[in-house]
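Chemist: Take a look at this one; I'll ask things after.
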There are 2 protein chains.
Amino acid sequence: PGKKVLIVYAHQEPKSFNGSLLKIAVEELTKQGCSVTVSDLYAMQFEPRATRNDIVGPLHNSEAFNYGVETWEAYKRGGLSKDLVEEQKKVQEADLLIFQFPLFWFNMPAILKGWMDRVLVQGFAYDLSKAYDGGLLQDKLSLFSFTTGGGQEMYSKESISGDIRYILWPMQHGIMHFCGVKVLEPHICYAPEHASEEKRKEMLTAWTQRLKTLWKEEPIDCSPEWYFK
Amino acid sequence: PGKKVLIVYAHQEPKSFNGSLLKIAVEELTKQGCSVTVSDLYAMQFEPRATRNDIVGPLHNSEAFNYGVETWEAYKRGGLSKDLVEEQKKVQEADLLIFQFPLFWFNMPAILKGWMDRVLVQGFAYDLSKAYDGGLLQDKLSLFSFTTGGGQEMYSKESISGDIRYILWPMQHGIMHFCGVKVLEPHICYAPEHASEEKRKEMLTAWTQRLKTLWKEEPIDCSPEWYFK
């Protein structure tokens, strides 16, 4: 109760299974007394492209545009574009970040990758020698909640698509852990599009149940061993 | 000679190191007699968001928007948006796809991920039971050429950032191999921003040299073992 949650949501259709998972999370966490904020990326028409428009005012070096350097400098002088400042404020205030999306090509959809690329800039999320356990977004939790197209058997170590944890490495470790954010077990709904109505309901109920005890969970040991052991 | 190459390029600045790598590839491959096409994503203001706008005309199911289903249906009836049709034509004609980009967050920049999400739709790049070695884009080669922020020692198995091959899994295997495209060894320039002018020149020369014998290369064995052995 009193915890702040930011849900970054990347699906075009409220009636989708992802939409139902979002709705459940908002309802259940609100019921617990949490304050829930949703960044509905498609509805916001969130810009995924990392461009010069992200910097207000003159560039640090207008001779050759370097996005990393320019956003770092802009962050320090308070010169990032309004949409980024707003997202950073939501992140700063949150105790828990939930990412809700359908897996696209072994990864998050481009609109969500764009959120990562543009919001988590140097100076805000990490800095020189401030990464991983020293990252700037410490004392926060994250949770990747997503749906897949293929069934669970497709994402096993022996399958040609490999262990689902291989896919989680760049997202959980390369982004969240890099910023110092602790990572809870992912929540994966396998192939809801091909599941029976009953199975779909079970999956939704499982998400509600998990959320009820979420705050008692311990983060995973987000190290290479967890992913590739 | 006579081979067709599509370079999908994702950097904002022509004067960047990525810009130099692009220029070298265009020059060297053209010199060899290849026909080279460049999709300069930032210059094209390429749309990374997967939305209803990608479908021309009425939807297959307008009650609940499902991007995967809608683009599949639209592909079959020739109803994808013009920008996607153009990119698909370039892919179809190419013998080799080169992706040139700076690594962002253990992954490709969102604008390039958006190209993958939107261009490689079902029916065009893969289909029901037509994936991996049965994918629809067979007899093509791909090559991921990218720059990193961190040095090479950062991307070793023993380092906290893990083996660079872990990062290549979703891109090379999960996308290209999934579509039936063969994968050449990646070309990685580590930390050019922190390198001396001499070292940068060496890296550019190495790229030119590699391109000279590129067509004699054998694809990697793109299986879990290559990545996680």
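Going by the structure tokens order, chains are called A, B, ..., each with residues numbered from 1, while ligands are numbered from 1 in the order shown.
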Could you build a table of the residues in stretch 100-160 of chain A lying no more than 7 Å from stretch 46-51 of chain A, giving for each the nearest pair of atoms and their separation in Å rounded to one decimal place, using only C-alpha atoms, ordered by chain and ascending residue number, as a Markdown table?
Modeler:
| residue | atom | partner | partner_atom | distance |
| --- | --- | --- | --- | --- |
| A:Ala110 | CA | A:Pro48 | CA | 6.9 |
| A:Ile111 | CA | A:Pro48 | CA | 5.1 |
| A:Gly114 | CA | A:Pro48 | CA | 3.8 |
| A:Trp115 | CA | A:Pro48 | CA | 6.2 |
| A:Arg118 | CA | A:Ala50 | CA | 6.1 |
Chemist: Can you write just those residues out, N, CA and C atoms, as a short mmCIF file (atom, residue, chain, number, x, y, z; two decimals), in the first residue's frame?
Modeler:
data_model
loop_
_atom_site.label_atom_id
_atom_site.label_comp_id
_atom_site.auth_asym_id
_atom_site.auth_seq_id
_atom_site.Cartn_x
_atom_site.Cartn_y
_atom_site.Cartn_z
N ALA A 110 9.15 -2.32 -31.32
CA ALA A 110 10.00 -1.14 -31.53
C ALA A 110 9.55 0.06 -30.69
N ILE A 111 8.25 0.24 -30.52
CA ILE A 111 7.78 1.42 -29.78
C ILE A 111 8.26 1.37 -28.32
N GLY A 114 11.99 1.98 -28.25
CA GLY A 114 12.20 3.42 -28.36
C GLY A 114 12.05 4.13 -27.02
N TRP A 115 11.15 3.63 -26.20
CA TRP A 115 11.00 4.19 -24.85
C TRP A 115 12.31 3.98 -24.07
N ARG A 118 15.17 6.27 -25.51
CA ARG A 118 15.04 7.71 -25.35
C ARG A 118 14.90 8.16 -23.90
#
Chemist: Would you list which chain B residues are within 9 Å of chain A using only C-alpha atoms, as a PyMOL selection string?
Modeler: chain B and resi 12-16+42+45-52+63-67+104-117+132+157-162+166-167+169-171+173-175+178+223-224+228
Chemist: Let's have the selection written as a short mmCIF file (atom, residue, chain, number, x, y, z; two decimals), in the first residue's frame, with N, CA and C atoms.
Modeler:
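Output below, filename part22.cif:
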data_model
loop_
_atom_site.label_atom_id
_atom_site.label_comp_id
_atom_site.auth_asym_id
_atom_site.auth_seq_id
_atom_site.Cartn_x
_atom_site.Cartn_y
_atom_site.Cartn_z
N GLN B 12 21.93 8.67 -37.27
CA GLN B 12 21.41 10.00 -37.58
C GLN B 12 22.42 10.87 -38.33
N GLU B 13 23.72 10.54 -38.17
CA GLU B 13 24.76 11.48 -38.58
C GLU B 13 25.71 10.88 -39.62
N PRO B 14 25.70 11.45 -40.84
CA PRO B 14 26.59 10.93 -41.90
C PRO B 14 28.07 10.99 -41.50
N LYS B 15 28.44 11.96 -40.65
CA LYS B 15 29.86 12.10 -40.27
C LYS B 15 30.27 11.15 -39.15
N SER B 16 29.33 10.33 -38.69
CA SER B 16 29.64 9.38 -37.60
C SER B 16 30.51 8.23 -38.10
N TYR B 42 16.85 6.89 -40.67
CA TYR B 42 16.59 8.21 -40.08
C TYR B 42 16.32 9.24 -41.18
N GLN B 45 12.99 9.06 -42.37
CA GLN B 45 12.05 9.18 -41.25
C GLN B 45 11.19 7.93 -41.19
N PHE B 46 11.83 6.79 -41.28
CA PHE B 46 11.12 5.52 -41.29
C PHE B 46 10.27 5.36 -40.03
N GLU B 47 9.05 4.93 -40.21
CA GLU B 47 8.10 4.76 -39.11
C GLU B 47 8.37 3.44 -38.39
N PRO B 48 8.72 3.46 -37.10
CA PRO B 48 8.98 2.20 -36.40
C PRO B 48 7.73 1.60 -35.74
N ARG B 49 6.65 2.36 -35.63
CA ARG B 49 5.47 1.89 -34.90
C ARG B 49 4.59 1.01 -35.77
N ALA B 50 4.22 -0.12 -35.21
CA ALA B 50 3.37 -1.08 -35.91
C ALA B 50 1.91 -0.70 -35.63
N THR B 51 1.26 -0.07 -36.59
CA THR B 51 -0.11 0.39 -36.34
C THR B 51 -1.05 0.05 -37.49
N ARG B 52 -2.27 0.41 -37.32
CA ARG B 52 -3.33 0.21 -38.29
C ARG B 52 -3.01 0.90 -39.62
N GLU B 63 -13.09 -5.35 -35.26
CA GLU B 63 -13.58 -5.40 -33.87
C GLU B 63 -12.42 -5.34 -32.87
N ALA B 64 -11.35 -6.06 -33.21
CA ALA B 64 -10.19 -6.09 -32.32
C ALA B 64 -8.94 -6.17 -33.20
N PHE B 65 -8.12 -5.15 -33.14
CA PHE B 65 -6.97 -5.04 -34.03
C PHE B 65 -5.84 -5.98 -33.62
N ASN B 66 -5.47 -6.87 -34.54
CA ASN B 66 -4.37 -7.80 -34.31
C ASN B 66 -3.35 -7.57 -35.41
N TYR B 67 -2.22 -6.94 -35.05
CA TYR B 67 -1.25 -6.51 -36.06
C TYR B 67 -0.73 -7.67 -36.91
N PHE B 104 22.45 -0.19 -29.23
CA PHE B 104 21.73 0.60 -28.21
C PHE B 104 21.15 -0.40 -27.23
N TRP B 105 21.55 -0.37 -26.00
CA TRP B 105 20.92 -1.24 -25.01
C TRP B 105 20.93 -2.72 -25.41
N PHE B 106 22.11 -3.23 -25.71
CA PHE B 106 22.27 -4.66 -26.03
C PHE B 106 21.42 -5.07 -27.24
N ASN B 107 21.16 -4.11 -28.13
CA ASN B 107 20.20 -4.41 -29.18
C ASN B 107 20.31 -3.37 -30.28
N MET B 108 19.50 -3.54 -31.31
CA MET B 108 19.48 -2.54 -32.36
C MET B 108 18.63 -1.33 -31.93
N PRO B 109 18.87 -0.15 -32.53
CA PRO B 109 18.04 1.02 -32.20
C PRO B 109 16.59 0.75 -32.60
N ALA B 110 15.67 1.41 -31.91
CA ALA B 110 14.24 1.19 -32.14
C ALA B 110 13.85 1.37 -33.61
N ILE B 111 14.44 2.32 -34.29
CA ILE B 111 14.05 2.57 -35.68
C ILE B 111 14.35 1.36 -36.55
N LEU B 112 15.43 0.64 -36.24
CA LEU B 112 15.77 -0.57 -37.00
C LEU B 112 14.90 -1.75 -36.55
N LYS B 113 14.62 -1.82 -35.25
CA LYS B 113 13.70 -2.87 -34.78
C LYS B 113 12.34 -2.68 -35.45
N GLY B 114 11.94 -1.44 -35.63
CA GLY B 114 10.67 -1.15 -36.30
C GLY B 114 10.68 -1.63 -37.75
N TRP B 115 11.82 -1.53 -38.39
CA TRP B 115 11.95 -2.04 -39.77
C TRP B 115 11.70 -3.55 -39.76
N MET B 116 12.31 -4.25 -38.81
CA MET B 116 12.11 -5.71 -38.70
C MET B 116 10.63 -6.02 -38.43
N ASP B 117 10.06 -5.31 -37.44
CA ASP B 117 8.67 -5.57 -37.04
C ASP B 117 7.70 -5.38 -38.20
N TYR B 132 12.76 -20.78 -39.92
CA TYR B 132 14.14 -21.26 -39.84
C TYR B 132 14.57 -21.78 -41.21
N LYS B 157 32.69 -13.61 -22.00
CA LYS B 157 31.89 -14.51 -21.21
C LYS B 157 32.03 -14.25 -19.71
N GLU B 158 33.21 -13.83 -19.30
CA GLU B 158 33.49 -13.66 -17.87
C GLU B 158 33.04 -12.29 -17.37
N SER B 159 32.80 -11.38 -18.28
CA SER B 159 32.42 -10.02 -17.87
C SER B 159 30.94 -9.97 -17.49
N ILE B 160 30.58 -8.95 -16.73
CA ILE B 160 29.19 -8.82 -16.31
C ILE B 160 28.26 -8.58 -17.50
N SER B 161 28.79 -8.02 -18.58
CA SER B 161 27.94 -7.81 -19.76
C SER B 161 27.85 -9.05 -20.65
N GLY B 162 28.60 -10.08 -20.31
CA GLY B 162 28.48 -11.36 -21.01
C GLY B 162 29.04 -11.35 -22.42
N TYR B 166 25.69 -13.47 -26.96
CA TYR B 166 24.39 -13.53 -26.30
C TYR B 166 23.45 -12.48 -26.89
N ILE B 167 24.03 -11.33 -27.22
CA ILE B 167 23.28 -10.20 -27.75
C ILE B 167 22.86 -10.45 -29.20
N TRP B 169 21.98 -13.29 -30.50
CA TRP B 169 20.96 -14.34 -30.60
C TRP B 169 19.61 -13.85 -31.11
N PRO B 170 18.99 -12.84 -30.45
CA PRO B 170 17.66 -12.43 -30.94
C PRO B 170 17.70 -11.86 -32.36
N MET B 171 18.79 -11.17 -32.69
CA MET B 171 18.86 -10.53 -34.01
C MET B 171 19.17 -11.53 -35.11
N HIS B 173 19.61 -15.00 -34.96
CA HIS B 173 18.89 -16.26 -34.96
C HIS B 173 17.38 -16.03 -34.95
N GLY B 174 16.93 -15.18 -34.04
CA GLY B 174 15.49 -14.97 -33.85
C GLY B 174 14.82 -14.25 -35.00
N ILE B 175 15.59 -13.47 -35.76
CA ILE B 175 14.99 -12.77 -36.90
C ILE B 175 15.50 -13.37 -38.22
N PHE B 178 15.29 -17.20 -38.54
CA PHE B 178 13.86 -17.53 -38.52
C PHE B 178 13.23 -17.38 -39.91
N SER B 223 23.08 -21.84 -34.86
CA SER B 223 22.33 -22.73 -33.96
C SER B 223 22.68 -22.34 -32.53
N PRO B 224 21.92 -22.79 -31.55
CA PRO B 224 22.21 -22.41 -30.16
C PRO B 224 23.68 -22.59 -29.76
N PHE B 228 25.90 -20.10 -27.39
CA PHE B 228 25.93 -20.38 -25.94
C PHE B 228 26.84 -21.54 -25.58
#
Chemist: Point out the residue among A:Thr37, A:Gly123, A:Glu217, A:Ala94 with the least atom-to-atom distance to A:Gly135, counting only C-alpha atoms.
Modeler: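 Once distances to A:Gly135 are computed over only C-alpha atoms, the minimum belongs to A:Gly123.
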Chemist: Write out as a PyMOL selection string all residues of stretch 55-225 of chain A that DSSP puts in alpha helix (DSSP H) for this structure's backbone.
Modeler: chain A and resi 67-76+82-93+110-119+164-168+197-212+224-225
Chemist: Skip A:Phe124 itself and residues of its chain fewer than 5 positions away, then list as a ChimeraX atom specification all residues within 10 Å of it, counting only C-alpha atoms.
Modeler: /A:71-72,75-76,88,92,119,135-137,179
Chemist: Please produce a file of those selected residues containing N, CA, C and O atoms, as a short mmCIF file (atom, residue, chain, number, x, y, z; two decimals), in the first residue's frame.
Modeler:
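Written output follows (again-v6.cif):
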data_model
loop_
_atom_site.label_atom_id
_atom_site.label_comp_id
_atom_site.auth_asym_id
_atom_site.auth_seq_id
_atom_site.Cartn_x
_atom_site.Cartn_y
_atom_site.Cartn_z
N THR A 71 22.07 13.86 -25.53
CA THR A 71 21.01 13.67 -24.53
C THR A 71 21.59 13.73 -23.12
O THR A 71 20.95 14.21 -22.19
N TRP A 72 22.82 13.28 -22.96
CA TRP A 72 23.51 13.37 -21.67
C TRP A 72 23.68 14.85 -21.28
O TRP A 72 23.33 15.26 -20.17
N TYR A 75 20.30 16.42 -20.64
CA TYR A 75 19.76 16.01 -19.34
C TYR A 75 20.35 16.89 -18.23
O TYR A 75 19.63 17.40 -17.37
N LYS A 76 21.67 17.08 -18.28
CA LYS A 76 22.34 17.84 -17.22
C LYS A 76 21.88 19.29 -17.13
O LYS A 76 21.76 19.85 -16.06
N GLN A 88 10.59 10.35 -17.63
CA GLN A 88 11.63 10.22 -16.59
C GLN A 88 11.06 10.50 -15.21
O GLN A 88 11.44 9.85 -14.24
N GLN A 92 11.21 8.00 -12.15
CA GLN A 92 11.83 8.44 -10.90
C GLN A 92 10.93 8.17 -9.70
O GLN A 92 11.40 7.73 -8.66
N VAL A 119 14.28 7.31 -23.06
CA VAL A 119 14.02 7.74 -21.68
C VAL A 119 15.22 7.48 -20.77
O VAL A 119 15.57 8.30 -19.92
N GLY A 135 24.12 1.35 -10.82
CA GLY A 135 23.26 2.16 -11.70
C GLY A 135 22.45 3.19 -10.93
O GLY A 135 22.29 3.09 -9.72
N LEU A 136 21.93 4.18 -11.63
CA LEU A 136 21.29 5.32 -10.96
C LEU A 136 19.83 5.08 -10.57
O LEU A 136 19.24 5.89 -9.88
N LEU A 137 19.25 3.97 -11.03
CA LEU A 137 17.83 3.72 -10.71
C LEU A 137 17.70 2.61 -9.66
O LEU A 137 16.87 1.70 -9.79
N CYS A 179 20.86 -0.40 -15.33
CA CYS A 179 20.46 0.86 -14.67
C CYS A 179 20.33 0.72 -13.15
O CYS A 179 19.91 1.66 -12.47
#
Chemist: Tell me, in Å to one decimal, how far atom CA of A:Gln209 is from atom CA of A:Ala25.
Modeler: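 Distance between the two atoms: 10.4 Å.
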Chemist: Go ahead and compute the interatomic distance for atom CA of B:Asn18 and atom CA of A:Gly180, in Å to one decimal.
Modeler: 29.1 Å
Chemist: Can you list, as a ChimeraX atom specification, all residues belonging to stretch 31-229 of chain A that DSSP tags as strand (DSSP E)?
Modeler: /A:35-40,96-102,141-147,182-183,187-189
Chemist: For the atom pair atom CA of A:Ala206 and atom CA of A:His177, what is the interatomic distance in Å to one decimal place?
Modeler: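 Distance between the two atoms: 25.9 Å.
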Chemist: Can you pull out the residues contacting A:Leu211? Cut-off 10 Å, using only C-alpha atoms, and skip same-chain residues under 3 positions away; I want them as a PyMOL selection string.
Modeler: chain A and resi 24-25+28-29+32+205-208+214-217
Chemist: The selected residues should be written to file as an mmCIF file, in the first residue's frame (atoms: N, CA and C atoms).
Modeler:
data_model
loop_
_atom_site.group_PDB
_atom_site.id
_atom_site.type_symbol
_atom_site.label_atom_id
_atom_site.label_comp_id
_atom_site.auth_asym_id
_atom_site.auth_seq_id
_atom_site.Cartn_x
_atom_site.Cartn_y
_atom_site.Cartn_z
ATOM 1 N N ILE A 24 -6.080 -5.920 -15.575
ATOM 2 C CA ILE A 24 -5.967 -6.673 -14.326
ATOM 3 C C ILE A 24 -4.930 -6.051 -13.403
ATOM 4 N N ALA A 25 -3.799 -5.680 -13.978
ATOM 5 C CA ALA A 25 -2.725 -5.109 -13.153
ATOM 6 C C ALA A 25 -3.161 -3.784 -12.537
ATOM 7 N N GLU A 28 -5.929 -4.653 -9.810
ATOM 8 C CA GLU A 28 -5.424 -5.358 -8.624
ATOM 9 C C GLU A 28 -4.472 -4.473 -7.812
ATOM 10 N N LEU A 29 -3.577 -3.776 -8.476
ATOM 11 C CA LEU A 29 -2.617 -2.945 -7.747
ATOM 12 C C LEU A 29 -3.307 -1.739 -7.106
ATOM 13 N N GLN A 32 -4.921 -2.779 -3.989
ATOM 14 C CA GLN A 32 -3.934 -2.943 -2.906
ATOM 15 C C GLN A 32 -3.542 -1.604 -2.283
ATOM 16 N N THR A 205 -6.294 -15.290 -14.490
ATOM 17 C CA THR A 205 -6.405 -15.509 -13.049
ATOM 18 C C THR A 205 -5.017 -15.662 -12.410
ATOM 19 N N ALA A 206 -4.137 -16.367 -13.127
ATOM 20 C CA ALA A 206 -2.779 -16.563 -12.603
ATOM 21 C C ALA A 206 -2.057 -15.223 -12.409
ATOM 22 N N TRP A 207 -2.302 -14.288 -13.300
ATOM 23 C CA TRP A 207 -1.683 -12.954 -13.211
ATOM 24 C C TRP A 207 -2.242 -12.204 -11.987
ATOM 25 N N THR A 208 -3.569 -12.261 -11.823
ATOM 26 C CA THR A 208 -4.175 -11.630 -10.642
ATOM 27 C C THR A 208 -3.561 -12.222 -9.374
ATOM 28 N N LEU A 214 2.956 -10.050 -4.980
ATOM 29 C CA LEU A 214 4.117 -9.529 -5.708
ATOM 30 C C LEU A 214 5.141 -8.864 -4.798
ATOM 31 N N TRP A 215 4.665 -8.105 -3.825
ATOM 32 C CA TRP A 215 5.567 -7.310 -2.987
ATOM 33 C C TRP A 215 6.366 -8.161 -2.016
ATOM 34 N N LYS A 216 5.999 -9.444 -1.917
ATOM 35 C CA LYS A 216 6.783 -10.348 -1.068
ATOM 36 C C LYS A 216 7.868 -11.077 -1.843
ATOM 37 N N GLU A 217 7.843 -10.912 -3.170
ATOM 38 C CA GLU A 217 8.814 -11.641 -3.992
ATOM 39 C C GLU A 217 10.229 -11.097 -3.830
#
